[in-house]
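Scroll down for the structure; my scribbles are underneath it.
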Amino acid sequence: MRIQRILQRVGRGRRAEGPPRREVPECIVLPAPASDVPPVRIFLGTEPGQWRAERVFLWSILEHRDPARRYEIHRMERLEGFDERGWTTGFTNYRFAIPHFAGGRGRAIYNDVDQIYRADPAELFDLDLGDHGFLALSDRELSVLLIDGQRMADLWTLDEARREDKKTLQRRTAARPGLRGDLPATWNARDGEADPETAKLVHYTTLHTQPWRPFPERYAYREGHGAELWKAAEARADAAGFEGFDADRPSAAMAALRERGEGLTRSAPEDAEMLRMLARLTPGDRVLELEDVHLLRWLFAASPEAQDGLLVPAGIEDLPETDQGWALRRLFGHAHRFLFVAASPGKATPRFVERFLRIADLHEDVHWELFVRDGSRVRHFEGGHFLGRGDPRTWLIVDERAGNETQAIGLAQALGWSYEHHRLRFGRWAELHPRLRGATRLGLARSERLRLQPPWPDLVISAGRRAAPIARWVRERAQGRTRLVHLGRKGGAAARLFDLVVTPAHARLWPHPHRIETLLPLSRVDDAELARAAERFKDTFEADPATPRLGVLVGGETSKFRFGVAEARRLVRDVEALSQRLGASVWVTTSPRTGVAATEAVGRELAPGSHFFPWSAEGPETPYLGLLALCDLLVVTGESESMLAEACASDLPVLLYPLPPARGGVGLGGRLVDRLLARASAERPNERGTARPQRGLSRLAARWVDEGFVRPTRDLSRLHRELIESGRVQPFGELPDLDRMEPHREARRVAARVRRLMGVEADDAIGIEEVSIDAERPAEAEPGARSREP
């Protein structure tokens with residue numbers, strides 16, 4: 001425990017870098033007509049890393065305030081003279097200095113930054129204090145306070161707040177009977193303690209579940225209580241273009257910068273010339289370059305003229321962090337076509353880049369590029385409106401597994417863009433964990449390596465564990481200009497490595513801003529595919545016109561489910577019994593996983609007159625898609641999520657046939673993974689009664705999960721339950737309803753997200769053309785290339 005405290009103190013010292021320190025808090029005023037009612041004074045404990053939380057906190061006050069009353073929000077951030085060693089946050093002791101900053105008079109509210117108001121703060125401000133010096137939830141829970149400045153002035157002094165530790169001050173305060181009064185719990189509804197919809201103030205106390213993910217270098221984030229509530233509030237602030245400061249009311253530091261009229265970093269000549277070259281290659285006649293004093297004058301201009309393009313070769317990263325948000329919004333808002341920005345190293349902090357990317361994401365109609373120089377290396381970010389001619393050049397990178405290929409083709413078809421189809425062959429090194437292979441071609445068969453050549457694509461859709469490192473290698477070769485969309489849980493466990501990852505919810509992977517969850521894996525099955533299959537296999541099915549037709553899709557054994565000879569015979573007997581009750585003909589096809597022994601057992605057990613199409617690597621194509629197109633009812637073994645997805649993408653009723661669990665249950669590896677997941681998800685309470693931040697083995701296990709080294713096992717029972725509850729699937733054993741169903745297809749929803757990622761409108765697609773790239777010929781250039789190459 002002592003070592004942890006020492007490390008914590010050292011850690012706080014390292015986090016001391018940031019904006020300049022202040023002697024007193026900076027005040028944001030929400031004005032109102034003159035009134036005798038005292039203003040609502042709120043002192044906010046905040047730090048630079050919590051910039052998103054602070055913005056939403058301020059927005060929540062603006063949403064719920066009384067417009068007839070004045071509100072004063074005092075930002076307590078990086079204050080001078082405080083001994084921060086041992087602090088959990090960058091503002092731990094500031095609350096004890098509030099009586100001093102309030103002038104030893106009147107009332108004041110204290111809030112941690114990880115909170116949002118759901119009611120007017122004036123209601124809290126006007127609560128009856130009685131004879132108490134302050135109201136709080138408990139002696140240890142001082143995250144929301146209503147303070148009597150005069151009564152507390154001699155007890156919480158600036159000197160003590162600066163040099164004493166928090167626990168000493170808490171004990172000293174608790175030793176005075178009656179000093180603290182009880183704060184109604186609805187004004188500090190901490191994680192999971194109350195319904196956030198009915199609380200007056202919601203407090204996101206657990207550091208590793210805060211929805212805005214402020215410290216990804218310290219914590220592996222999971223979804224917490226009330227996350228959607230916070231995200232909805234941020235979305236409303238985004239829609240309103242809200243920032244705490246703006247051009248009319250800049251921060252004091254920004255106002256001083258404007259007064260000086262200079263002081264921003266001058267651009268390196270090569271950076272300015274690079275942006276000018278990009279501008280010459282980009283459509284647009286009116287282009288304005290802004291730097292140093294010209295940038296400052298433009299930002300504060302009453303009505304700056306809109307341009308086709310804006311170039312900022314340096315300086316935007318020099319602005320105070322409190323004002324970067326509104327400055328970036330103004331730049332994006334006045335660039336009709338493009339915005340190109342270069343930033344110097346050191347000052348272009350990860351927070352600057354994150355803020356830039358968040359604001360850029362809100363301006364999909366503007367093409368933007370950001371360059372951050374780091375010595376001889378330049379980090380490049382790009383997004384917004386797609387500037388290429390025609391569709392984005394798209395590659396599909398998959399292995400030989402049909403379940404992976406159908407996902408990639410399904411998404412490509414939903415996008416409606418032409419694409420190159422790279423079905424790759426792999427060697428033994430491809431069996432290594434994808435994180436160990438990195439962004440390389442390791443594991444790719446030697447004969448396959450020459451197939452991946454420039455011009456590099458704008459978009460790669462990859463599917464499967466073995467394809468993921470290859471997709472990342474392509475992006476590196478394209479100098480970061482290629483966007484990556486990965487499909488599947490095994491390669492996409494570490495979502496941060498891709499621009500977008502699509503995984504089914506039953507994979508139990510942790511939420512991430514780059515992850516989109518589906519009920520089932522994507523599928524290539526759509527109306528056009530089914531129509532082609534119906535035409536192709538029409539003669540096969542017309543040979544036996546008996547209806548209804550009962551189609552059976554047979555999977556096979558997995559690590560969790562048994563499917564040997566005995567299970568195969570039982571399946572056939574159950575299917576034959578059902579067919580007799582329905583008076584249906586039976587059409588059965590197997591799959592690569594079925595195995596030779598089980599396949600032969602199915603064939604022997606089927607009654608005369610049944611139609612059997614065993615899968616074989618060397619044999620003819622099975623009418624698998626024909627069953628989906630021309631049968632009246634499908635039976636699908638439950639271990640195959642891909643077959644379930646394709647069956648549910650048709651309009652046929654589907655019966656789920658359960659396979660028995662594998663003997664021995666979960667193996668040693670599965671038990672170890674479950675233990676690590678339990679440790680990663682464990683939440684031990686602290687002395688305040690809230691969850692402690694991740695630490696020790698829990699933190700290490702959580703990091704392994706977040707980085708994809710430890711992957712949760714699939715919960716197929718959850719998938720089956722959700723499919724049955726949705727009504728799309730019926731459990732086998734009941735007499736089925738043969739009415740046609742609404743197809744379950746999620747590719748269009750995912751495609752809409754990909755179009756947004758690529759900056760392409762839905763109706764911009766030209767049409768689908770597949771170019772299949774095989775081992776005998778090199779990749780060819782696709783029509784619709786970008787307007788320029790890196």
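Here's how to read the names in the structure tokens: chain A, B, ... by the order shown, residue numbers from 1 in each chain, ligand numbers from 1 in the order shown.
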Next item on the list: From the DSSP assignment of the backbone, select every residue of stretch 497-735 of chain A that is alpha helix (DSSP H), and format the answer as a PyMOL selection string.
Entry: chain A and resi 527-536+538-542+565-582+596-605+624-630+641-648+668-681+696-706+716-726
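A straight line drawn from atom CA of A:Val565 to atom CA of A:Ala601 is 5.7 Å long.
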Checklist line | Exercise: A:Ala751 partners within 7 Å, only C-alpha atoms, chain neighbours under 6 positions left out, as a PyMOL selection string | finding: chain A and resi 411+414-415
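Residue nearest A:Pro184, chosen from A:Glu123, A:Asp154, A:Glu542, A:Glu746 and counting only C-alpha atoms: A:Glu123.
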Margin query: Quick check, in Å to one decimal: how far apart do atom CA of A:His380 and atom CA of A:Phe340 lie?
Written below: 10.9 Å
Notebook entry, point to check: So how many Å separate atom CA of A:Glu557 and atom CA of A:Ala645, to one decimal?
Noted result: 18.3 Å
Next item on the list: Return as a PyMOL selection string the full set of residues in stretch 317-546 of chain A whose backbone-based DSSP assignment is strand (DSSP E).
Entry: chain A and resi 335-343+367-374+377-383+394-398+419-423+459-463+483-487+500-504+515-518
